[in-house]
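Report on one structure; see the data block that follows.
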Amino acid sequence: MNFRTVRPGITAINMSVSVQIKNINKKFEKLEALRDITLSIPPGELFGFIGPDGAGKTTLFRLITSLLLADKGSIAVDGLDSETDYKKIRNITGYMPGRFSLYYDLTVEENINFYASIFKTSLRENYHLIKEVYEQIEPFKKRRAGDLSGGMKQKLALSCALIHKPELLILDEPTTGVDAVSRKEFWELLKKMQKTGITILVSTPYMDEASLCDRVALMQKGDLMAVDTPSSIVDGYNGDLWQISSSDMHAIVADLTGIDSRIEKVFRFGEKVHVTTHNIDNKELGVIIEGVLDGAKHKNILLEGAKPQIEDCFLALMDEKG
Amino acid sequence: MKDDDHIIVVENLVKKFGSFVANDNLNFFVRRGEIFGFLGANGAGKTTAIKILSGLSKPSSGKASVAGFDVGRQSEKVKRNIGYMSQRFSLYDDMTVKENFRFYGGIYGLSAKGIKQKTAHLLQKLDMLDYKDMLLSKIPLGWKQKLAFSVAVMHDPAVVFLDEPTGGVDPITRRQFWELIYEKASEGTTIFVTTHYMDEAEYCERVSIMSEGRIEALDTPSNLKKKYNVNTMDEVFVRIARSDA
């Protein structure tokens, strides 16, 4: 199939691009980093790759940005082939790697101007594109990048990734190691940027960030375990989910594991335990739990139905795949 | 409440870098065997405080003791009584599992015999005896983290500092890791842990939340949620860390 002809017809947004990934395989020696990945991302989508280290997120991003070659399969960005048209792809792509990759010994301003000049533009010319992000670090523009805090480095890297007006923005774990408040602020920023029409691919190990994406891929050890909207993934959860708590949360996971074949997947979730059941109602479950949890140890036992979170789905999928 | 039950005691601790106040008059204690969550936004001063408590940096004023030793005057004794593990720096990739144990055991002052026994015991507990001669670089991340924790506590320290120990690991391994933490705490080891996963804040017996060099809140997770009238530690954190914004 010639992907160049694939150009979904969203005419209202003329700046963003699609990404078509087809049967991608990539090995590093014996390690299968990516196994037969097929995925289509329409223009203007905010798409999340959710998974732990070793899932293959970075490898996939490096293939899309044409920095690596696949063993098998093809990738097209805006219909451009990632192997033959890599120069064009690089011109329309902004990439923020997981590891801070700017020049420590250049100042904030020098770094941005350097990246701008590579793409034959300048900070002055494209200031409006990065204003939202850059304003926050502008007071420190004479400071060397190496002397910036983690949060400021992140904003500088994002500014550099945006300076050439990319149509596709790829962010590799921009929120890893970032505190919960700064993470929220970063996602608010992404949502705002999405409104300009840009296609955004973002990876994260934090499962709770999945709900902020239009669609997500749940990845583990080189496989796409699921690709869908966050709400569809949650709706597709197999079984009934309950949350249980008692006065002895240290012991409760062990005490509830293996008590009945219809009760499976006992996992701690914050202050509760999540338990998945099949063919068992609230009443019967209550009786079983009361019977199993020793009253002297477990006081104030609380049982209620729960809505699955993405992390529940991820755990279940990991379980299925062994 | 007896004082010797307080394995960490911090009094009026201040740390300045030039005119910048990184730790602004910290006062708190941590009990023996407690799992204590040390939370805060990036740049709030957590790393500075951990460096002081582990004897790597001296307070500008005020004092702190760890396992009965003053962090300013007896920093070498403090170091002998603590373990440390972080996501960024833990084990050596170009050494085997066994060599890592031997190296750290030696640094922590264990005898050759003690190292042998501890290594065998810990590897058996992790079900990793078959991997003892494998290079660390060949071992999956989740296992590495569990190994790193075992190495950090192989000398049975009074306190172990865990700096974002679960970053990047999958959700099942993250939970298994906390099982290790619970087990060690139940043996009497004090766990001092930082994390950006707010569900993990719930696993701690008490948590402190730092903002701009100060401890803005310190209590059990359930009391903090009550106090701020919210349902999750995530919301508590946002309230406190964002209050200045």
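Chain labels run A, B, ... following the order of the structure tokens; each chain numbers its residues from 1, and ligands are numbered from 1 in the order shown.
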
Exercise. Enumerate, as a PyMOL selection string, the complete set of residues in range 39-213 of chain B that a backbone-based DSSP assignment places in strand (DSSP E or B).
Key: chain B and resi 39-40+61-66+69-70+82-86+96+135+159-163+190-194+206-211

Exercise. Name all residues at most 12 Å from Phe269 in chain A (count only C-alpha atoms; drop same-chain ones fewer than 3 positions away) and give them as an NGL selection string.
Key: (:A and (242-245 or 249 or 252-253 or 265-266 or 272-275 or 306 or 308-312 or 315)) or (:B and (171-172 or 174-175 or 178 or 197-203 or 232-233))

Please, could you write that set of residues out with N, CA and C atoms as a CSV table (one decimal), in the first residue's frame?
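Printed below is selection-v3.csv as written:
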```
chain,number,residue,atom,x,y,z
A,242,TRP,N,-14.2,-4.2,42.7
A,242,TRP,CA,-14.7,-3.7,44.0
A,242,TRP,C,-13.5,-3.1,44.7
A,243,GLN,N,-13.8,-2.2,45.6
A,243,GLN,CA,-12.7,-1.7,46.5
A,243,GLN,C,-13.0,-2.1,47.9
A,244,ILE,N,-12.0,-2.5,48.6
A,244,ILE,CA,-12.2,-3.0,50.0
A,244,ILE,C,-11.1,-2.4,50.9
A,245,SER,N,-11.5,-2.0,52.1
A,245,SER,CA,-10.5,-1.5,53.0
A,245,SER,C,-10.8,-2.0,54.4
A,249,MET,N,-4.4,-2.5,56.5
A,249,MET,CA,-4.1,-2.5,55.1
A,249,MET,C,-2.8,-3.3,54.7
A,252,ILE,N,-4.0,-7.0,54.3
A,252,ILE,CA,-5.3,-7.3,53.6
A,252,ILE,C,-5.0,-8.0,52.2
A,253,VAL,N,-4.0,-7.6,51.5
A,253,VAL,CA,-3.8,-8.2,50.2
A,253,VAL,C,-3.5,-9.7,50.3
A,265,LYS,N,-7.2,-11.2,41.0
A,265,LYS,CA,-6.5,-9.9,40.9
A,265,LYS,C,-6.7,-9.0,42.2
A,266,VAL,N,-6.0,-9.3,43.2
A,266,VAL,CA,-6.1,-8.5,44.4
A,266,VAL,C,-4.9,-7.6,44.4
A,272,LYS,N,-7.0,1.7,49.3
A,272,LYS,CA,-7.9,0.6,49.2
A,272,LYS,C,-7.2,-0.6,48.5
A,273,VAL,N,-8.0,-1.7,48.5
A,273,VAL,CA,-7.5,-2.8,47.7
A,273,VAL,C,-8.5,-3.0,46.6
A,274,HIS,N,-8.1,-3.3,45.4
A,274,HIS,CA,-9.0,-3.5,44.3
A,274,HIS,C,-9.1,-5.0,44.1
A,275,VAL,N,-10.3,-5.5,44.0
A,275,VAL,CA,-10.5,-7.0,43.8
A,275,VAL,C,-11.4,-7.1,42.6
A,306,ALA,N,-16.4,-0.5,42.5
A,306,ALA,CA,-15.5,0.5,42.0
A,306,ALA,C,-15.4,0.6,40.5
A,308,PRO,N,-13.2,0.9,37.3
A,308,PRO,CA,-11.8,0.6,37.0
A,308,PRO,C,-11.1,1.8,36.6
A,309,GLN,N,-9.8,1.9,36.9
A,309,GLN,CA,-8.9,2.9,36.4
A,309,GLN,C,-8.0,2.3,35.3
A,310,ILE,N,-7.3,3.1,34.5
A,310,ILE,CA,-6.4,2.6,33.5
A,310,ILE,C,-5.4,1.6,34.1
A,311,GLU,N,-5.0,1.9,35.3
A,311,GLU,CA,-4.0,1.0,35.9
A,311,GLU,C,-4.6,-0.4,36.2
A,312,ASP,N,-5.9,-0.5,36.6
A,312,ASP,CA,-6.6,-1.8,36.7
A,312,ASP,C,-6.5,-2.5,35.4
A,315,LEU,N,-3.0,-3.7,34.6
A,315,LEU,CA,-2.6,-4.9,35.4
A,315,LEU,C,-3.3,-6.2,34.9
B,171,PRO,N,3.4,-1.6,36.9
B,171,PRO,CA,2.5,-1.5,38.1
B,171,PRO,C,2.6,-2.8,38.9
B,172,ILE,N,2.8,-4.0,38.4
B,172,ILE,CA,2.9,-5.1,39.2
B,172,ILE,C,4.2,-5.1,40.1
B,174,ARG,N,5.9,-2.5,40.9
B,174,ARG,CA,5.8,-1.4,41.8
B,174,ARG,C,5.1,-2.0,43.1
B,175,ARG,N,4.1,-2.8,43.0
B,175,ARG,CA,3.4,-3.3,44.1
B,175,ARG,C,4.3,-4.3,44.9
B,178,TRP,N,6.7,-2.6,47.1
B,178,TRP,CA,6.1,-2.1,48.3
B,178,TRP,C,6.0,-3.3,49.3
B,197,TYR,N,4.5,9.2,42.9
B,197,TYR,CA,3.2,8.4,42.7
B,197,TYR,C,2.4,8.7,44.0
B,198,MET,N,1.2,9.4,43.8
B,198,MET,CA,0.5,9.8,45.0
B,198,MET,C,-0.3,8.6,45.6
B,199,ASP,N,-0.5,7.5,44.8
B,199,ASP,CA,-1.1,6.4,45.5
B,199,ASP,C,-0.1,5.7,46.5
B,200,GLU,N,1.2,5.9,46.2
B,200,GLU,CA,2.2,5.4,47.1
B,200,GLU,C,2.2,6.2,48.4
B,201,ALA,N,1.8,7.4,48.4
B,201,ALA,CA,1.8,8.2,49.6
B,201,ALA,C,0.8,7.6,50.6
B,202,GLU,N,-0.2,6.9,50.0
B,202,GLU,CA,-1.2,6.2,50.9
B,202,GLU,C,-0.6,5.0,51.6
B,203,TYR,N,0.5,4.5,51.1
B,203,TYR,CA,1.1,3.3,51.7
B,203,TYR,C,2.0,3.7,52.9
B,232,THR,N,-8.4,12.0,48.1
B,232,THR,CA,-7.1,11.4,47.7
B,232,THR,C,-5.9,12.2,48.2
B,233,MET,N,-4.8,11.5,48.3
B,233,MET,CA,-3.6,12.3,48.6
B,233,MET,C,-3.1,13.2,47.5
```

Wanna dump the range 11-37 of chain B-range 52-74 of chain B contacts at 10 Å for me, each residue with its shortest atom pair and the distance in Å to one decimal, counting only C-alpha atoms, ordered by chain and number, as a Markdown table?
```
| residue | atom | partner | partner_atom | distance |
| --- | --- | --- | --- | --- |
| B:Glu11 | CA | B:Lys63 | CA | 5.4 |
| B:Asn12 | CA | B:Gly62 | CA | 4.7 |
| B:Leu13 | CA | B:Gly62 | CA | 4.2 |
| B:Val14 | CA | B:Ser61 | CA | 5.2 |
| B:Lys15 | CA | B:Ser60 | CA | 4.8 |
| B:Lys16 | CA | B:Ser60 | CA | 6.2 |
| B:Phe17 | CA | B:Ser60 | CA | 8.8 |
| B:Val21 | CA | B:Ser60 | CA | 9.8 |
| B:Asn23 | CA | B:Pro59 | CA | 9.0 |
| B:Asp24 | CA | B:Ser61 | CA | 10.0 |
| B:Asn25 | CA | B:Gly62 | CA | 7.7 |
| B:Leu26 | CA | B:Gly62 | CA | 8.6 |
| B:Asn27 | CA | B:Ala64 | CA | 9.1 |
| B:Phe28 | CA | B:Ala64 | CA | 9.4 |
| B:Phe29 | CA | B:Ala64 | CA | 9.3 |
| B:Val30 | CA | B:Val66 | CA | 9.4 |
| B:Arg32 | CA | B:Ala67 | CA | 8.9 |
```

Quiz item: Counting only C-alpha atoms, which residues from chain B have an atom at most 6 Å from any atom of chain A, and could you show them as a PyMOL selection string?
Solution: chain B and resi 41-42+168-170+196+199+202+238

I need the chosen residues saved as a PDB file, in the first residue's frame, with all heavy atoms.
```pdb
ATOM      1  N   ALA B  41       7.045  19.191  45.952  1.00  0.00           N
ATOM      2  CA  ALA B  41       7.252  19.497  44.542  1.00  0.00           C
ATOM      3  C   ALA B  41       8.748  19.467  44.232  1.00  0.00           C
ATOM      4  O   ALA B  41       9.574  19.536  45.145  1.00  0.00           O
ATOM      5  CB  ALA B  41       6.670  20.874  44.215  1.00  0.00           C
ATOM      6  N   ASN B  42       9.102  19.370  42.946  1.00  0.00           N
ATOM      7  CA  ASN B  42      10.507  19.476  42.554  1.00  0.00           C
ATOM      8  C   ASN B  42      11.021  20.829  43.037  1.00  0.00           C
ATOM      9  O   ASN B  42      10.349  21.839  42.869  1.00  0.00           O
ATOM     10  CB  ASN B  42      10.670  19.398  41.029  1.00  0.00           C
ATOM     11  CG  ASN B  42      10.134  18.100  40.460  1.00  0.00           C
ATOM     12  OD1 ASN B  42       9.067  18.073  39.886  1.00  0.00           O
ATOM     13  ND2 ASN B  42      10.865  17.035  40.646  1.00  0.00           N
ATOM     14  N   GLY B 168       9.425   4.476  36.845  1.00  0.00           N
ATOM     15  CA  GLY B 168       9.564   3.758  35.587  1.00  0.00           C
ATOM     16  C   GLY B 168       9.250   2.270  35.628  1.00  0.00           C
ATOM     17  O   GLY B 168       9.258   1.630  34.592  1.00  0.00           O
ATOM     18  N   VAL B 169       9.016   1.691  36.801  1.00  0.00           N
ATOM     19  CA  VAL B 169       8.757   0.248  36.820  1.00  0.00           C
ATOM     20  C   VAL B 169       7.268  -0.031  36.592  1.00  0.00           C
ATOM     21  O   VAL B 169       6.425   0.812  36.839  1.00  0.00           O
ATOM     22  CB  VAL B 169       9.250  -0.438  38.122  1.00  0.00           C
ATOM     23  CG1 VAL B 169      10.699  -0.105  38.375  1.00  0.00           C
ATOM     24  CG2 VAL B 169       8.401  -0.059  39.308  1.00  0.00           C
ATOM     25  N   ASP B 170       6.969  -1.242  36.115  1.00  0.00           N
ATOM     26  CA  ASP B 170       5.582  -1.555  35.774  1.00  0.00           C
ATOM     27  C   ASP B 170       4.732  -1.687  37.042  1.00  0.00           C
ATOM     28  O   ASP B 170       5.257  -1.863  38.142  1.00  0.00           O
ATOM     29  CB  ASP B 170       5.518  -2.828  34.920  1.00  0.00           C
ATOM     30  CG  ASP B 170       5.857  -4.054  35.729  1.00  0.00           C
ATOM     31  OD1 ASP B 170       5.066  -4.438  36.594  1.00  0.00           O
ATOM     32  OD2 ASP B 170       6.932  -4.641  35.502  1.00  0.00           O
ATOM     33  N   HIS B 196       6.782  10.274  43.473  1.00  0.00           N
ATOM     34  CA  HIS B 196       5.847  11.153  42.759  1.00  0.00           C
ATOM     35  C   HIS B 196       4.538  10.430  42.482  1.00  0.00           C
ATOM     36  O   HIS B 196       3.626  10.989  41.888  1.00  0.00           O
ATOM     37  CB  HIS B 196       6.460  11.642  41.442  1.00  0.00           C
ATOM     38  CG  HIS B 196       7.569  12.631  41.647  1.00  0.00           C
ATOM     39  ND1 HIS B 196       7.426  13.736  42.466  1.00  0.00           N
ATOM     40  CD2 HIS B 196       8.823  12.690  41.158  1.00  0.00           C
ATOM     41  CE1 HIS B 196       8.559  14.404  42.462  1.00  0.00           C
ATOM     42  NE2 HIS B 196       9.427  13.800  41.683  1.00  0.00           N
ATOM     43  N   ASP B 199      -0.508   7.527  44.835  1.00  0.00           N
ATOM     44  CA  ASP B 199      -1.112   6.354  45.483  1.00  0.00           C
ATOM     45  C   ASP B 199      -0.133   5.749  46.483  1.00  0.00           C
ATOM     46  O   ASP B 199      -0.533   5.186  47.493  1.00  0.00           O
ATOM     47  CB  ASP B 199      -1.570   5.314  44.447  1.00  0.00           C
ATOM     48  CG  ASP B 199      -0.430   4.824  43.560  1.00  0.00           C
ATOM     49  OD1 ASP B 199       0.513   5.595  43.332  1.00  0.00           O
ATOM     50  OD2 ASP B 199      -0.497   3.669  43.120  1.00  0.00           O
ATOM     51  N   GLU B 202      -0.231   6.917  50.036  1.00  0.00           N
ATOM     52  CA  GLU B 202      -1.213   6.242  50.906  1.00  0.00           C
ATOM     53  C   GLU B 202      -0.597   5.048  51.627  1.00  0.00           C
ATOM     54  O   GLU B 202      -1.121   4.587  52.626  1.00  0.00           O
ATOM     55  CB  GLU B 202      -2.395   5.729  50.076  1.00  0.00           C
ATOM     56  CG  GLU B 202      -3.071   6.767  49.209  1.00  0.00           C
ATOM     57  CD  GLU B 202      -4.209   7.468  49.928  1.00  0.00           C
ATOM     58  OE1 GLU B 202      -4.371   7.240  51.143  1.00  0.00           O
ATOM     59  OE2 GLU B 202      -4.915   8.238  49.258  1.00  0.00           O
ATOM     60  N   VAL B 238      -1.895  18.647  45.753  1.00  0.00           N
ATOM     61  CA  VAL B 238      -2.152  19.785  44.870  1.00  0.00           C
ATOM     62  C   VAL B 238      -2.509  21.024  45.697  1.00  0.00           C
ATOM     63  O   VAL B 238      -2.031  22.117  45.447  1.00  0.00           O
ATOM     64  CB  VAL B 238      -3.260  19.449  43.851  1.00  0.00           C
ATOM     65  CG1 VAL B 238      -3.695  20.701  43.109  1.00  0.00           C
ATOM     66  CG2 VAL B 238      -2.747  18.409  42.858  1.00  0.00           C
TER      67      VAL B 238
END
```

Excluding range 217-226 of chain B and residues on its chain fewer than 5 positions from it, collect all residues at most 10 Å away from it, counting only C-alpha atoms, and give them as a PDB file with C-alpha atoms, in the first residue's frame.
```
ATOM      1  CA  GLU A 271      -5.769   3.449  50.580  1.00  0.00           C
TER       2      GLU A 271
ATOM      3  CA  PHE B  28       9.961  16.661  62.747  1.00  0.00           C
ATOM      4  CA  PHE B  36       7.633   7.824  56.394  1.00  0.00           C
ATOM      5  CA  GLY B  37       6.736   9.506  53.101  1.00  0.00           C
ATOM      6  CA  PHE B  38       8.751  12.628  52.327  1.00  0.00           C
ATOM      7  CA  LEU B  39       6.821  14.451  49.627  1.00  0.00           C
ATOM      8  CA  ALA B 201       1.760   8.223  49.576  1.00  0.00           C
ATOM      9  CA  GLU B 202      -1.213   6.242  50.906  1.00  0.00           C
ATOM     10  CA  TYR B 203       1.094   3.305  51.682  1.00  0.00           C
ATOM     11  CA  CYS B 204       3.053   5.397  54.175  1.00  0.00           C
ATOM     12  CA  GLU B 205       2.149   5.577  57.847  1.00  0.00           C
ATOM     13  CA  ARG B 206       2.808   9.309  57.939  1.00  0.00           C
ATOM     14  CA  VAL B 207       3.777  11.753  55.230  1.00  0.00           C
ATOM     15  CA  SER B 208       5.249  15.226  55.213  1.00  0.00           C
ATOM     16  CA  ILE B 209       4.719  17.619  52.330  1.00  0.00           C
ATOM     17  CA  MET B 210       7.343  20.260  51.630  1.00  0.00           C
ATOM     18  CA  SER B 211       6.854  23.455  49.708  1.00  0.00           C
ATOM     19  CA  ASN B 231     -10.680  12.007  48.918  1.00  0.00           C
ATOM     20  CA  THR B 232      -7.135  11.385  47.733  1.00  0.00           C
ATOM     21  CA  MET B 233      -3.565  12.265  48.638  1.00  0.00           C
ATOM     22  CA  ASP B 234      -3.242  13.636  45.126  1.00  0.00           C
ATOM     23  CA  GLU B 235      -5.730  16.364  45.993  1.00  0.00           C
ATOM     24  CA  VAL B 236      -3.995  17.062  49.312  1.00  0.00           C
ATOM     25  CA  PHE B 237      -0.710  17.428  47.466  1.00  0.00           C
ATOM     26  CA  ILE B 240      -0.486  22.327  49.463  1.00  0.00           C
TER      27      ILE B 240
END
```

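CA of Ile137 in chain A to CA of Leu156 in chain A spans 7.2 Å [interatomic distance, one decimal].
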
Quiz item: Near Phe47 in chain A, within 8 Å and counting only C-alpha atoms, which residues show up once chain neighbours fewer than 6 positions away are dropped, as an NGL selection string?
Solution: :A and (41 or 200-202 or 213-217)

Practice problem: Quick one: pull the distance between CA of Ala152 in chain B and CA of Tyr108 in chain B, Å, one decimal. | Solution: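 Interatomic distance, CA of Ala152 in chain B to CA of Tyr108 in chain B: 9.3 Å.
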
So which residues touch Leu129 in chain A within 9 Å, counting only C-alpha atoms, skipping near sequence neighbours fewer than 2 positions away, as a JSON list (two decimals) with N, CA, C and O atoms, in the first residue's frame?
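Here's the written file part_20.json:
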```json
[["chain", "number", "residue", "atom", "x", "y", "z"],
["A", 126, "ASN", "N", 9.90, 33.48, 15.39],
["A", 126, "ASN", "CA", 8.90, 32.51, 15.82],
["A", 126, "ASN", "C", 8.54, 32.62, 17.30],
["A", 126, "ASN", "O", 7.99, 31.69, 17.88],
["A", 127, "TYR", "N", 8.84, 33.77, 17.87],
["A", 127, "TYR", "CA", 8.58, 33.95, 19.30],
["A", 127, "TYR", "C", 7.14, 33.60, 19.67],
["A", 127, "TYR", "O", 6.88, 32.94, 20.67],
["A", 131, "LYS", "N", 5.71, 31.33, 22.88],
["A", 131, "LYS", "CA", 5.50, 32.34, 23.91],
["A", 131, "LYS", "C", 5.01, 31.74, 25.23],
["A", 131, "LYS", "O", 5.58, 31.95, 26.29],
["A", 132, "GLU", "N", 3.95, 30.94, 25.12],
["A", 132, "GLU", "CA", 3.31, 30.34, 26.30],
["A", 132, "GLU", "C", 4.31, 29.62, 27.22],
["A", 132, "GLU", "O", 4.27, 29.76, 28.43],
["A", 159, "SER", "N", 10.50, 24.38, 24.38],
["A", 159, "SER", "CA", 10.64, 25.57, 23.53],
["A", 159, "SER", "C", 11.47, 25.25, 22.29],
["A", 159, "SER", "O", 11.12, 25.65, 21.18],
["A", 162, "LEU", "N", 9.65, 23.29, 19.71],
["A", 162, "LEU", "CA", 8.54, 23.98, 19.05],
["A", 162, "LEU", "C", 8.97, 25.13, 18.14],
["A", 162, "LEU", "O", 8.16, 25.67, 17.40],
["A", 163, "ILE", "N", 10.26, 25.48, 18.18],
["A", 163, "ILE", "CA", 10.70, 26.74, 17.58],
["A", 163, "ILE", "C", 10.56, 26.76, 16.05],
["A", 163, "ILE", "O", 10.46, 27.82, 15.44],
["A", 164, "HIS", "N", 10.55, 25.59, 15.40],
["A", 164, "HIS", "CA", 10.48, 25.57, 13.93],
["A", 164, "HIS", "C", 9.07, 25.28, 13.44],
["A", 164, "HIS", "O", 8.88, 24.83, 12.31],
["A", 165, "LYS", "N", 8.08, 25.52, 14.28],
["A", 165, "LYS", "CA", 6.68, 25.35, 13.91],
["A", 165, "LYS", "C", 6.38, 23.93, 13.40],
["A", 165, "LYS", "O", 5.91, 23.75, 12.27]]
```

Quiz item: Residues at most 12 Å from Glu183 in chain B, counting only C-alpha atoms, excluding those fewer than 5 positions away in the same chain, as a VMD selection string?
Solution: (chain A and resid 250 to 251) or (chain B and resid 33 to 35 125 149 to 150 153 176 to 178 188 to 191)

Quiz item: Pick from A:Ile21, A:Asn111, A:Thr229, A:Phe119: nearest to Leu39 in chain A, with only C-alpha atoms counted?
Solution: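 Among the listed residues, the smallest separation from Leu39 in chain A belongs to A:Ile21.
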
Self-check item: Close residues, Ala148 in chain B itself excluded, 7 Å, only C-alpha atoms, min 4 positions apart in chain, as a PyMOL selection string
Solution: chain B and resi 85+90-91+144+152
